[in-house]
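Coordinates as given in coords-v4.tsv (TSV, N, CA and C atoms):
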```tsv
chain	number	residue	atom	x	y	z
A	24	MET	N	-82.26	-80.29	37.39
A	24	MET	CA	-81.28	-79.24	37.34
A	24	MET	C	-81.35	-78.43	38.64
A	25	LYS	N	-80.22	-78.24	39.29
A	25	LYS	CA	-80.17	-77.47	40.52
A	25	LYS	C	-79.51	-76.11	40.26
A	26	GLY	N	-79.94	-75.10	41.01
A	26	GLY	CA	-79.32	-73.79	40.88
A	26	GLY	C	-79.68	-73.10	39.58
A	27	ASN	N	-78.94	-72.06	39.27
A	27	ASN	CA	-79.16	-71.32	38.03
A	27	ASN	C	-78.65	-72.12	36.84
A	28	PRO	N	-79.43	-72.19	35.75
A	28	PRO	CA	-79.02	-73.02	34.62
A	28	PRO	C	-77.84	-72.45	33.84
A	29	VAL	N	-77.64	-71.16	33.86
A	29	VAL	CA	-76.52	-70.57	33.12
A	29	VAL	C	-75.30	-70.52	34.04
A	30	ARG	N	-74.21	-71.14	33.63
A	30	ARG	CA	-72.99	-71.19	34.42
A	30	ARG	C	-71.86	-70.37	33.82
A	31	TRP	N	-71.89	-70.21	32.51
A	31	TRP	CA	-70.77	-69.57	31.81
A	31	TRP	C	-71.28	-69.10	30.46
A	32	PHE	N	-70.69	-68.06	29.93
A	32	PHE	CA	-71.01	-67.66	28.56
A	32	PHE	C	-69.73	-67.28	27.85
A	33	GLU	N	-69.77	-67.39	26.55
A	33	GLU	CA	-68.65	-66.98	25.72
A	33	GLU	C	-69.20	-66.14	24.58
A	34	ILE	N	-68.53	-65.03	24.32
A	34	ILE	CA	-68.90	-64.14	23.23
A	34	ILE	C	-67.77	-64.22	22.22
A	35	TYR	N	-68.06	-64.77	21.05
A	35	TYR	CA	-67.04	-64.96	20.03
A	35	TYR	C	-66.87	-63.70	19.20
A	36	LEU	N	-65.63	-63.43	18.80
A	36	LEU	CA	-65.33	-62.19	18.10
A	36	LEU	C	-64.12	-62.37	17.20
A	37	GLN	N	-63.87	-61.36	16.40
A	37	GLN	CA	-62.73	-61.39	15.49
A	37	GLN	C	-61.62	-60.43	15.93
A	38	ASP	N	-61.96	-59.31	16.54
A	38	ASP	CA	-60.98	-58.29	16.94
A	38	ASP	C	-61.02	-58.14	18.46
A	39	MET	N	-60.10	-58.83	19.15
A	39	MET	CA	-60.11	-58.86	20.61
A	39	MET	C	-59.89	-57.48	21.22
A	40	ALA	N	-58.93	-56.74	20.71
A	40	ALA	CA	-58.64	-55.43	21.31
A	40	ALA	C	-59.86	-54.52	21.22
A	41	ARG	N	-60.49	-54.50	20.08
A	41	ARG	CA	-61.67	-53.64	19.90
A	41	ARG	C	-62.82	-54.09	20.79
A	42	ALA	N	-63.11	-55.40	20.83
A	42	ALA	CA	-64.22	-55.91	21.64
A	42	ALA	C	-63.94	-55.73	23.13
A	43	ARG	N	-62.71	-55.98	23.54
A	43	ARG	CA	-62.37	-55.82	24.96
A	43	ARG	C	-62.53	-54.37	25.39
A	44	ALA	N	-62.06	-53.45	24.58
A	44	ALA	CA	-62.23	-52.02	24.90
A	44	ALA	C	-63.70	-51.65	25.00
A	45	PHE	N	-64.52	-52.21	24.11
A	45	PHE	CA	-65.96	-51.94	24.13
A	45	PHE	C	-66.58	-52.39	25.45
A	46	TYR	N	-66.40	-53.65	25.83
A	46	TYR	CA	-67.02	-54.18	27.04
A	46	TYR	C	-66.45	-53.54	28.31
A	47	GLU	N	-65.16	-53.26	28.33
A	47	GLU	CA	-64.59	-52.60	29.50
A	47	GLU	C	-65.15	-51.19	29.65
A	48	THR	N	-65.39	-50.51	28.54
A	48	THR	CA	-65.96	-49.16	28.59
A	48	THR	C	-67.42	-49.18	28.99
A	49	VAL	N	-68.22	-50.01	28.35
A	49	VAL	CA	-69.66	-50.05	28.64
A	49	VAL	C	-69.93	-50.44	30.09
A	50	PHE	N	-69.25	-51.46	30.60
A	50	PHE	CA	-69.52	-51.96	31.94
A	50	PHE	C	-68.54	-51.45	33.00
A	51	ALA	N	-67.64	-50.54	32.61
A	51	ALA	CA	-66.67	-49.97	33.54
A	51	ALA	C	-66.01	-51.07	34.37
A	52	ALA	N	-65.52	-52.10	33.68
A	52	ALA	CA	-64.94	-53.26	34.34
A	52	ALA	C	-63.65	-53.66	33.63
A	53	LYS	N	-62.74	-54.27	34.35
A	53	LYS	CA	-61.48	-54.75	33.79
A	53	LYS	C	-61.58	-56.24	33.50
A	54	LEU	N	-61.35	-56.64	32.26
A	54	LEU	CA	-61.32	-58.06	31.90
A	54	LEU	C	-59.90	-58.58	32.10
A	55	GLU	N	-59.79	-59.86	32.44
A	55	GLU	CA	-58.50	-60.48	32.72
A	55	GLU	C	-58.23	-61.61	31.73
A	56	PRO	N	-56.96	-61.78	31.30
A	56	PRO	CA	-56.65	-62.88	30.38
A	56	PRO	C	-56.83	-64.23	31.06
A	57	ILE	N	-57.45	-65.16	30.35
A	57	ILE	CA	-57.61	-66.53	30.83
A	57	ILE	C	-57.39	-67.48	29.66
A	58	GLY	N	-57.37	-68.76	29.91
A	58	GLY	CA	-57.26	-69.75	28.85
A	58	GLY	C	-55.85	-69.88	28.34
A	59	SER	N	-55.72	-70.80	27.40
A	59	SER	CA	-54.42	-71.05	26.80
A	59	SER	C	-54.62	-71.80	25.50
A	60	GLY	N	-53.54	-72.11	24.86
A	60	GLY	CA	-53.63	-72.84	23.60
A	60	GLY	C	-54.01	-71.95	22.44
A	61	ASP	N	-54.86	-72.45	21.56
A	61	ASP	CA	-55.24	-71.73	20.35
A	61	ASP	C	-56.28	-70.65	20.59
A	62	LEU	N	-56.86	-70.59	21.80
A	62	LEU	CA	-57.90	-69.62	22.10
A	62	LEU	C	-57.33	-68.41	22.82
A	63	GLU	N	-57.77	-67.23	22.40
A	63	GLU	CA	-57.48	-66.03	23.16
A	63	GLU	C	-58.75	-65.71	23.93
A	64	MET	N	-58.65	-65.69	25.26
A	64	MET	CA	-59.82	-65.47	26.10
A	64	MET	C	-59.54	-64.39	27.13
A	65	TRP	N	-60.52	-63.50	27.31
A	65	TRP	CA	-60.47	-62.48	28.35
A	65	TRP	C	-61.74	-62.60	29.17
A	66	GLY	N	-61.57	-62.84	30.47
A	66	GLY	CA	-62.71	-63.12	31.34
A	66	GLY	C	-63.30	-61.88	31.98
A	67	PHE	N	-64.62	-61.89	32.11
A	67	PHE	CA	-65.33	-60.86	32.86
A	67	PHE	C	-65.10	-61.10	34.35
A	68	PRO	N	-65.23	-60.06	35.16
A	68	PRO	CA	-65.09	-60.26	36.61
A	68	PRO	C	-66.08	-61.31	37.10
A	69	GLN	N	-65.67	-62.06	38.11
A	69	GLN	CA	-66.59	-63.05	38.68
A	69	GLN	C	-66.42	-63.09	40.19
A	70	ALA	N	-67.52	-63.35	40.85
A	70	ALA	CA	-67.54	-63.46	42.31
A	70	ALA	C	-67.90	-64.90	42.64
A	71	ARG	N	-66.92	-65.68	42.95
A	71	ARG	CA	-67.16	-67.10	43.24
A	71	ARG	C	-68.07	-67.25	44.45
A	72	GLY	N	-68.96	-68.22	44.37
A	72	GLY	CA	-69.87	-68.49	45.47
A	72	GLY	C	-71.13	-67.64	45.46
A	73	GLU	N	-71.24	-66.71	44.52
A	73	GLU	CA	-72.45	-65.90	44.41
A	73	GLU	C	-73.28	-66.39	43.23
A	74	SER	N	-74.55	-65.99	43.21
A	74	SER	CA	-75.43	-66.43	42.12
A	74	SER	C	-75.06	-65.71	40.83
A	75	GLY	N	-75.53	-66.25	39.73
A	75	GLY	CA	-75.25	-65.67	38.42
A	75	GLY	C	-74.09	-66.37	37.75
A	76	ALA	N	-73.77	-65.92	36.55
A	76	ALA	CA	-72.73	-66.55	35.76
A	76	ALA	C	-71.72	-65.51	35.31
A	77	SER	N	-70.53	-65.96	35.05
A	77	SER	CA	-69.53	-65.12	34.42
A	77	SER	C	-69.21	-65.72	33.07
A	78	GLY	N	-68.29	-65.12	32.36
A	78	GLY	CA	-67.96	-65.63	31.03
A	78	GLY	C	-66.77	-64.90	30.47
A	79	SER	N	-66.59	-65.03	29.16
A	79	SER	CA	-65.41	-64.45	28.55
A	79	SER	C	-65.66	-64.05	27.10
A	80	LEU	N	-64.76	-63.20	26.62
A	80	LEU	CA	-64.65	-62.92	25.19
A	80	LEU	C	-63.70	-63.97	24.64
A	81	VAL	N	-63.98	-64.49	23.45
A	81	VAL	CA	-63.14	-65.55	22.88
A	81	VAL	C	-62.84	-65.25	21.42
A	82	ARG	N	-61.55	-65.34	21.07
A	82	ARG	CA	-61.14	-65.26	19.67
A	82	ARG	C	-60.51	-66.59	19.31
A	83	ALA	N	-61.11	-67.26	18.33
A	83	ALA	CA	-60.62	-68.56	17.89
A	83	ALA	C	-60.68	-68.61	16.37
A	84	ALA	N	-59.64	-69.07	15.77
A	84	ALA	CA	-59.59	-69.17	14.31
A	84	ALA	C	-60.75	-70.00	13.79
A	85	GLY	N	-61.43	-69.50	12.77
A	85	GLY	CA	-62.49	-70.24	12.12
A	85	GLY	C	-63.84	-70.21	12.81
A	86	VAL	N	-63.94	-69.51	13.94
A	86	VAL	CA	-65.22	-69.44	14.66
A	86	VAL	C	-65.86	-68.08	14.34
A	87	PRO	N	-67.04	-68.09	13.73
A	87	PRO	CA	-67.68	-66.83	13.36
A	87	PRO	C	-68.20	-66.06	14.57
A	88	SER	N	-68.38	-64.75	14.38
A	88	SER	CA	-68.98	-63.92	15.42
A	88	SER	C	-70.08	-63.09	14.81
A	89	GLY	N	-70.93	-62.56	15.65
A	89	GLY	CA	-72.00	-61.67	15.19
A	89	GLY	C	-73.20	-62.43	14.67
A	90	GLY	N	-74.39	-61.98	15.08
A	90	GLY	CA	-75.62	-62.51	14.55
A	90	GLY	C	-75.99	-63.91	15.00
A	91	THR	N	-75.44	-64.37	16.10
A	91	THR	CA	-75.76	-65.72	16.57
A	91	THR	C	-77.12	-65.75	17.25
A	92	GLY	N	-77.63	-66.91	17.54
A	92	GLY	CA	-78.93	-67.06	18.18
A	92	GLY	C	-78.88	-66.98	19.69
A	93	THR	N	-77.73	-66.75	20.27
A	93	THR	CA	-77.59	-66.68	21.72
A	93	THR	C	-77.65	-65.23	22.17
A	94	LEU	N	-78.40	-64.98	23.24
A	94	LEU	CA	-78.49	-63.63	23.79
A	94	LEU	C	-78.09	-63.68	25.24
A	95	VAL	N	-77.03	-62.98	25.59
A	95	VAL	CA	-76.52	-62.90	26.94
A	95	VAL	C	-77.03	-61.61	27.56
A	96	TYR	N	-77.56	-61.70	28.80
A	96	TYR	CA	-77.97	-60.51	29.53
A	96	TYR	C	-77.00	-60.28	30.68
A	97	PHE	N	-76.44	-59.06	30.73
A	97	PHE	CA	-75.56	-58.65	31.80
A	97	PHE	C	-76.38	-57.95	32.86
A	98	GLY	N	-76.13	-58.26	34.14
A	98	GLY	CA	-76.83	-57.61	35.23
A	98	GLY	C	-76.26	-56.22	35.48
A	99	CYS	N	-77.13	-55.26	35.74
A	99	CYS	CA	-76.75	-53.87	35.99
A	99	CYS	C	-77.59	-53.31	37.12
A	100	ASP	N	-77.11	-52.25	37.76
A	100	ASP	CA	-77.94	-51.56	38.76
A	100	ASP	C	-79.06	-50.81	38.06
A	101	ASP	N	-78.73	-50.12	36.98
A	101	ASP	CA	-79.70	-49.39	36.16
A	101	ASP	C	-79.22	-49.50	34.72
A	102	CYS	N	-79.85	-50.34	33.92
A	102	CYS	CA	-79.34	-50.63	32.58
A	102	CYS	C	-79.29	-49.40	31.67
A	103	ALA	N	-79.97	-48.32	32.03
A	103	ALA	CA	-79.88	-47.08	31.24
A	103	ALA	C	-78.47	-46.51	31.28
A	104	VAL	N	-77.76	-46.70	32.38
A	104	VAL	CA	-76.40	-46.18	32.52
A	104	VAL	C	-75.47	-46.85	31.52
A	105	GLU	N	-75.48	-48.18	31.50
A	105	GLU	CA	-74.62	-48.91	30.56
A	105	GLU	C	-75.08	-48.69	29.12
A	106	ALA	N	-76.38	-48.64	28.88
A	106	ALA	CA	-76.90	-48.41	27.53
A	106	ALA	C	-76.40	-47.07	26.98
A	107	ALA	N	-76.27	-46.08	27.85
A	107	ALA	CA	-75.80	-44.76	27.43
A	107	ALA	C	-74.34	-44.78	27.01
A	108	ARG	N	-73.57	-45.78	27.41
A	108	ARG	CA	-72.16	-45.87	27.05
A	108	ARG	C	-71.91	-46.62	25.74
A	109	VAL	N	-72.91	-47.31	25.23
A	109	VAL	CA	-72.73	-48.21	24.08
A	109	VAL	C	-72.20	-47.48	22.84
A	110	ALA	N	-72.86	-46.44	22.40
A	110	ALA	CA	-72.44	-45.75	21.17
A	110	ALA	C	-71.04	-45.17	21.31
A	111	GLY	N	-70.73	-44.59	22.45
A	111	GLY	CA	-69.41	-44.01	22.67
A	111	GLY	C	-68.30	-45.04	22.68
A	112	ALA	N	-68.65	-46.29	22.96
A	112	ALA	CA	-67.68	-47.38	22.97
A	112	ALA	C	-67.56	-48.06	21.61
A	113	GLY	N	-68.34	-47.59	20.63
A	113	GLY	CA	-68.25	-48.15	19.28
A	113	GLY	C	-69.34	-49.12	18.91
A	114	GLY	N	-70.30	-49.35	19.80
A	114	GLY	CA	-71.42	-50.26	19.51
A	114	GLY	C	-72.63	-49.49	19.02
A	115	ARG	N	-73.76	-50.19	18.98
A	115	ARG	CA	-75.01	-49.59	18.50
A	115	ARG	C	-76.14	-50.05	19.39
A	116	LEU	N	-76.88	-49.10	19.94
A	116	LEU	CA	-78.02	-49.42	20.79
A	116	LEU	C	-79.16	-49.91	19.91
A	117	HIS	N	-79.70	-51.06	20.24
A	117	HIS	CA	-80.80	-51.64	19.48
A	117	HIS	C	-82.15	-51.26	20.08
A	118	ARG	N	-82.23	-51.27	21.41
A	118	ARG	CA	-83.46	-50.91	22.09
A	118	ARG	C	-83.10	-50.25	23.41
A	119	ASP	N	-83.61	-49.03	23.61
A	119	ASP	CA	-83.40	-48.32	24.87
A	119	ASP	C	-84.02	-49.10	26.02
A	120	LYS	N	-83.69	-48.68	27.23
A	120	LYS	CA	-84.25	-49.28	28.44
A	120	LYS	C	-85.76	-49.34	28.33
A	121	MET	N	-86.30	-50.53	28.60
A	121	MET	CA	-87.75	-50.71	28.55
A	121	MET	C	-88.17	-51.61	29.70
A	122	SER	N	-89.39	-51.44	30.15
A	122	SER	CA	-89.93	-52.23	31.25
A	122	SER	C	-90.29	-53.63	30.77
A	123	ILE	N	-90.02	-54.61	31.63
A	123	ILE	CA	-90.51	-55.97	31.40
A	123	ILE	C	-91.39	-56.36	32.59
A	124	GLY	N	-92.13	-55.37	33.04
A	124	GLY	CA	-93.10	-55.58	34.13
A	124	GLY	C	-92.42	-55.88	35.45
A	125	GLN	N	-92.96	-56.85	36.16
A	125	GLN	CA	-92.45	-57.18	37.49
A	125	GLN	C	-91.02	-57.70	37.48
A	126	TYR	N	-90.48	-58.00	36.30
A	126	TYR	CA	-89.14	-58.56	36.19
A	126	TYR	C	-88.06	-57.49	36.00
A	127	GLY	N	-88.45	-56.22	35.94
A	127	GLY	CA	-87.47	-55.15	35.85
A	127	GLY	C	-87.43	-54.48	34.50
A	128	PHE	N	-86.20	-54.25	34.02
A	128	PHE	CA	-85.98	-53.49	32.80
A	128	PHE	C	-84.85	-54.12	31.99
A	129	VAL	N	-84.91	-53.95	30.68
A	129	VAL	CA	-83.84	-54.42	29.80
A	129	VAL	C	-83.54	-53.38	28.74
A	130	ALA	N	-82.33	-53.44	28.22
A	130	ALA	CA	-81.91	-52.68	27.05
A	130	ALA	C	-81.13	-53.65	26.18
A	131	LEU	N	-81.17	-53.47	24.86
A	131	LEU	CA	-80.46	-54.35	23.93
A	131	LEU	C	-79.50	-53.54	23.08
A	132	ALA	N	-78.33	-54.12	22.80
A	132	ALA	CA	-77.32	-53.42	22.00
A	132	ALA	C	-76.50	-54.41	21.18
A	133	PHE	N	-75.85	-53.88	20.16
A	133	PHE	CA	-74.89	-54.65	19.37
A	133	PHE	C	-73.49	-54.19	19.77
A	134	ASP	N	-72.58	-55.14	19.98
A	134	ASP	CA	-71.20	-54.79	20.29
A	134	ASP	C	-70.44	-54.46	19.01
A	135	THR	N	-69.15	-54.22	19.11
A	135	THR	CA	-68.33	-53.85	17.95
A	135	THR	C	-68.14	-55.00	16.97
A	136	GLU	N	-68.50	-56.22	17.39
A	136	GLU	CA	-68.34	-57.40	16.53
A	136	GLU	C	-69.65	-57.86	15.91
A	137	GLY	N	-70.73	-57.11	16.16
A	137	GLY	CA	-72.03	-57.47	15.61
A	137	GLY	C	-72.85	-58.41	16.47
A	138	ASN	N	-72.39	-58.70	17.70
A	138	ASN	CA	-73.11	-59.57	18.61
A	138	ASN	C	-74.18	-58.79	19.36
A	139	LEU	N	-75.41	-59.30	19.38
A	139	LEU	CA	-76.49	-58.70	20.15
A	139	LEU	C	-76.37	-59.18	21.59
A	140	PHE	N	-76.48	-58.25	22.55
A	140	PHE	CA	-76.46	-58.61	23.96
A	140	PHE	C	-77.47	-57.75	24.71
A	141	GLY	N	-77.84	-58.22	25.89
A	141	GLY	CA	-78.82	-57.50	26.69
A	141	GLY	C	-78.23	-57.02	28.00
A	142	MET	N	-78.89	-56.02	28.58
A	142	MET	CA	-78.55	-55.51	29.91
A	142	MET	C	-79.83	-55.52	30.72
A	143	HIS	N	-79.78	-56.05	31.94
A	143	HIS	CA	-80.98	-56.19	32.78
A	143	HIS	C	-80.77	-55.50	34.12
A	144	SER	N	-81.80	-54.82	34.60
A	144	SER	CA	-81.77	-54.22	35.94
A	144	SER	C	-83.16	-54.28	36.55
A	145	LEU	N	-83.21	-54.18	37.87
A	145	LEU	CA	-84.49	-54.18	38.56
A	145	LEU	C	-85.07	-52.78	38.70
A	146	ARG	N	-84.27	-51.77	38.43
A	146	ARG	CA	-84.79	-50.39	38.47
A	146	ARG	C	-84.51	-49.66	37.19
```
Before anything else, please render the file you have as structure tokens.
Amino acid sequence: MKGNPVRWFEIYLQDMARARAFYETVFAAKLEPIGSGDLEMWGFPQARGESGASGSLVRAAGVPSGGTGTLVYFGCDDCAVEAARVAGAGGRLHRDKMSIGQYGFVALAFDTEGNLFGMHSLR
């Protein structure tokens, strides 16, 4: 395997408007519509040619959301900033910013759809 193993992520949900508002508020970012067909997809910003992965919110009939075994970590300058926005955006903070030693800091939260996600920063 060459490069970073994670290339893309998808966060499945039931209420696109609610979930999109949550992620746009927490990360102060604008999501853009992508995809077609039976899937409703809104993509996170991406910088082609740079390291890391981008992904999207996905609403698809019959696909459950919340409580899955996948944990996505979003990169942040200081994850305490984004963690502080979670409750105001309708989510629930699971774990405040905590040190993971030489690897930086993480915070964990639940979005409006019940999905657990992480935020990572080096400071």
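Relative to atom CA of A:Arg41, atom CA of A:Ile57 is found at 17.4 Å.
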Practice task
Can you list, as JSON, numbers by chain, all residues belonging to chain A that DSSP tags as strand (DSSP E)?
Solution key: {"A": [31, 32, 33, 34, 35, 55, 56, 57, 63, 64, 65, 66, 77, 78, 79, 80, 81, 82, 95, 96, 97, 98, 115, 116, 117, 118, 119, 120, 121, 122, 128, 129, 130, 131, 132, 133, 139, 140, 141, 142, 143, 144]}
Restricting the output to N, CA and C atoms, write the selected residues as a short mmCIF file (atom, residue, chain, number, x, y, z; two decimals), in the coordinates of the input.
```cif
data_model
loop_
_atom_site.label_atom_id
_atom_site.label_comp_id
_atom_site.auth_asym_id
_atom_site.auth_seq_id
_atom_site.Cartn_x
_atom_site.Cartn_y
_atom_site.Cartn_z
N TRP A 31 -71.89 -70.21 32.51
CA TRP A 31 -70.77 -69.57 31.81
C TRP A 31 -71.28 -69.10 30.46
N PHE A 32 -70.69 -68.06 29.93
CA PHE A 32 -71.01 -67.66 28.56
C PHE A 32 -69.73 -67.28 27.85
N GLU A 33 -69.77 -67.39 26.55
CA GLU A 33 -68.65 -66.98 25.72
C GLU A 33 -69.20 -66.14 24.58
N ILE A 34 -68.53 -65.03 24.32
CA ILE A 34 -68.90 -64.14 23.23
C ILE A 34 -67.77 -64.22 22.22
N TYR A 35 -68.06 -64.77 21.05
CA TYR A 35 -67.04 -64.96 20.03
C TYR A 35 -66.87 -63.70 19.20
N GLU A 55 -59.79 -59.86 32.44
CA GLU A 55 -58.50 -60.48 32.72
C GLU A 55 -58.23 -61.61 31.73
N PRO A 56 -56.96 -61.78 31.30
CA PRO A 56 -56.65 -62.88 30.38
C PRO A 56 -56.83 -64.23 31.06
N ILE A 57 -57.45 -65.16 30.35
CA ILE A 57 -57.61 -66.53 30.83
C ILE A 57 -57.39 -67.48 29.66
N GLU A 63 -57.77 -67.23 22.40
CA GLU A 63 -57.48 -66.03 23.16
C GLU A 63 -58.75 -65.71 23.93
N MET A 64 -58.65 -65.69 25.26
CA MET A 64 -59.82 -65.47 26.10
C MET A 64 -59.54 -64.39 27.13
N TRP A 65 -60.52 -63.50 27.31
CA TRP A 65 -60.47 -62.48 28.35
C TRP A 65 -61.74 -62.60 29.17
N GLY A 66 -61.57 -62.84 30.47
CA GLY A 66 -62.71 -63.12 31.34
C GLY A 66 -63.30 -61.88 31.98
N SER A 77 -70.53 -65.96 35.05
CA SER A 77 -69.53 -65.12 34.42
C SER A 77 -69.21 -65.72 33.07
N GLY A 78 -68.29 -65.12 32.36
CA GLY A 78 -67.96 -65.63 31.03
C GLY A 78 -66.77 -64.90 30.47
N SER A 79 -66.59 -65.03 29.16
CA SER A 79 -65.41 -64.45 28.55
C SER A 79 -65.66 -64.05 27.10
N LEU A 80 -64.76 -63.20 26.62
CA LEU A 80 -64.65 -62.92 25.19
C LEU A 80 -63.70 -63.97 24.64
N VAL A 81 -63.98 -64.49 23.45
CA VAL A 81 -63.14 -65.55 22.88
C VAL A 81 -62.84 -65.25 21.42
N ARG A 82 -61.55 -65.34 21.07
CA ARG A 82 -61.14 -65.26 19.67
C ARG A 82 -60.51 -66.59 19.31
N VAL A 95 -77.03 -62.98 25.59
CA VAL A 95 -76.52 -62.90 26.94
C VAL A 95 -77.03 -61.61 27.56
N TYR A 96 -77.56 -61.70 28.80
CA TYR A 96 -77.97 -60.51 29.53
C TYR A 96 -77.00 -60.28 30.68
N PHE A 97 -76.44 -59.06 30.73
CA PHE A 97 -75.56 -58.65 31.80
C PHE A 97 -76.38 -57.95 32.86
N GLY A 98 -76.13 -58.26 34.14
CA GLY A 98 -76.83 -57.61 35.23
C GLY A 98 -76.26 -56.22 35.48
N ARG A 115 -73.76 -50.19 18.98
CA ARG A 115 -75.01 -49.59 18.50
C ARG A 115 -76.14 -50.05 19.39
N LEU A 116 -76.88 -49.10 19.94
CA LEU A 116 -78.02 -49.42 20.79
C LEU A 116 -79.16 -49.91 19.91
N HIS A 117 -79.70 -51.06 20.24
CA HIS A 117 -80.80 -51.64 19.48
C HIS A 117 -82.15 -51.26 20.08
N ARG A 118 -82.23 -51.27 21.41
CA ARG A 118 -83.46 -50.91 22.09
C ARG A 118 -83.10 -50.25 23.41
N ASP A 119 -83.61 -49.03 23.61
CA ASP A 119 -83.40 -48.32 24.87
C ASP A 119 -84.02 -49.10 26.02
N LYS A 120 -83.69 -48.68 27.23
CA LYS A 120 -84.25 -49.28 28.44
C LYS A 120 -85.76 -49.34 28.33
N MET A 121 -86.30 -50.53 28.60
CA MET A 121 -87.75 -50.71 28.55
C MET A 121 -88.17 -51.61 29.70
N SER A 122 -89.39 -51.44 30.15
CA SER A 122 -89.93 -52.23 31.25
C SER A 122 -90.29 -53.63 30.77
N PHE A 128 -86.20 -54.25 34.02
CA PHE A 128 -85.98 -53.49 32.80
C PHE A 128 -84.85 -54.12 31.99
N VAL A 129 -84.91 -53.95 30.68
CA VAL A 129 -83.84 -54.42 29.80
C VAL A 129 -83.54 -53.38 28.74
N ALA A 130 -82.33 -53.44 28.22
CA ALA A 130 -81.91 -52.68 27.05
C ALA A 130 -81.13 -53.65 26.18
N LEU A 131 -81.17 -53.47 24.86
CA LEU A 131 -80.46 -54.35 23.93
C LEU A 131 -79.50 -53.54 23.08
N ALA A 132 -78.33 -54.12 22.80
CA ALA A 132 -77.32 -53.42 22.00
C ALA A 132 -76.50 -54.41 21.18
N PHE A 133 -75.85 -53.88 20.16
CA PHE A 133 -74.89 -54.65 19.37
C PHE A 133 -73.49 -54.19 19.77
N LEU A 139 -75.41 -59.30 19.38
CA LEU A 139 -76.49 -58.70 20.15
C LEU A 139 -76.37 -59.18 21.59
N PHE A 140 -76.48 -58.25 22.55
CA PHE A 140 -76.46 -58.61 23.96
C PHE A 140 -77.47 -57.75 24.71
N GLY A 141 -77.84 -58.22 25.89
CA GLY A 141 -78.82 -57.50 26.69
C GLY A 141 -78.23 -57.02 28.00
N MET A 142 -78.89 -56.02 28.58
CA MET A 142 -78.55 -55.51 29.91
C MET A 142 -79.83 -55.52 30.72
N HIS A 143 -79.78 -56.05 31.94
CA HIS A 143 -80.98 -56.19 32.78
C HIS A 143 -80.77 -55.50 34.12
N SER A 144 -81.80 -54.82 34.60
CA SER A 144 -81.77 -54.22 35.94
C SER A 144 -83.16 -54.28 36.55
#
```
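Summary of the local environment: counting all atoms listed in the file, residues at most 8 Å from stretch 95-106 of chain A, other than itself and those fewer than 4 positions away along its chain, are A:Phe32, A:Thr48, A:Val49, A:Phe50, A:Ala51, A:Ala110, A:Gly111, A:Leu116, A:Arg118, A:Asp119, A:Lys120, A:Met121, A:Phe128, A:Val129, A:Ala130, A:Leu131, A:Ala132, A:Leu139, A:Phe140, A:Gly141, A:Met142, A:His143, A:Ser144, A:Leu145, A:Arg146.
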Completion exercise
Between A:Ala76, A:Arg30, A:Arg108, A:His117, smallest distance to A:Phe45 by only N, CA and C atoms belongs to A:Arg108
Handout entry: Residue among A:Leu94, A:Leu80, A:Met64, A:Ala70 lying closest to A:Glu33, counting all atoms listed in the file
Key = A:Leu80
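Taking atom CA of A:Ile123 as the reference point, atom C of A:Ser74 is found at 20.6 Å.
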Exercise for the section: Starting from the point (-57.4, -58.2, 17.9), work out which residues of protein, DNA or RNA have an atom no more than 12 Å away when counting only C-alpha atoms; state them as a PyMOL selection string. Expected result: chain A and resi 35-44+63-65+80-84+135-136
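The two atoms in question, atom C of A:Ser77 and atom CA of A:Thr93, are spaced 14.1 Å apart.
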Handout entry: Which of chain A DSSP labels helix (DSSP H, G or I), written as a list in words
Key =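 Filtering chain A to helix (DSSP H, G or I) leaves Met39, Ala40, Arg41, Ala42, Arg43, Ala44, Phe45, Tyr46, Glu47, Thr48, Val49, Phe50, Cys102, Ala103, Val104, Glu105, Ala106, Ala107, Arg108, Ala110, Gly111, Ala112, Gly124, Gln125 and Tyr126 of chain A.
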Exercise for the section: Pick out the closest residue to A:Trp31 from this set: A:Gly60, A:Gly78, A:Phe133, A:Ala107. Count only N, CA and C atoms. Expected result: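 For A:Trp31, the nearest of the candidates is A:Gly78.
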Practice task
For each of A:Tyr46, A:Phe67, A:Ala52, A:Gly75, take the minimum atom-to-atom distance to A:Asn27, counting all atoms listed in the file, then give the residue where this is smallest.
Solution key: A:Gly75
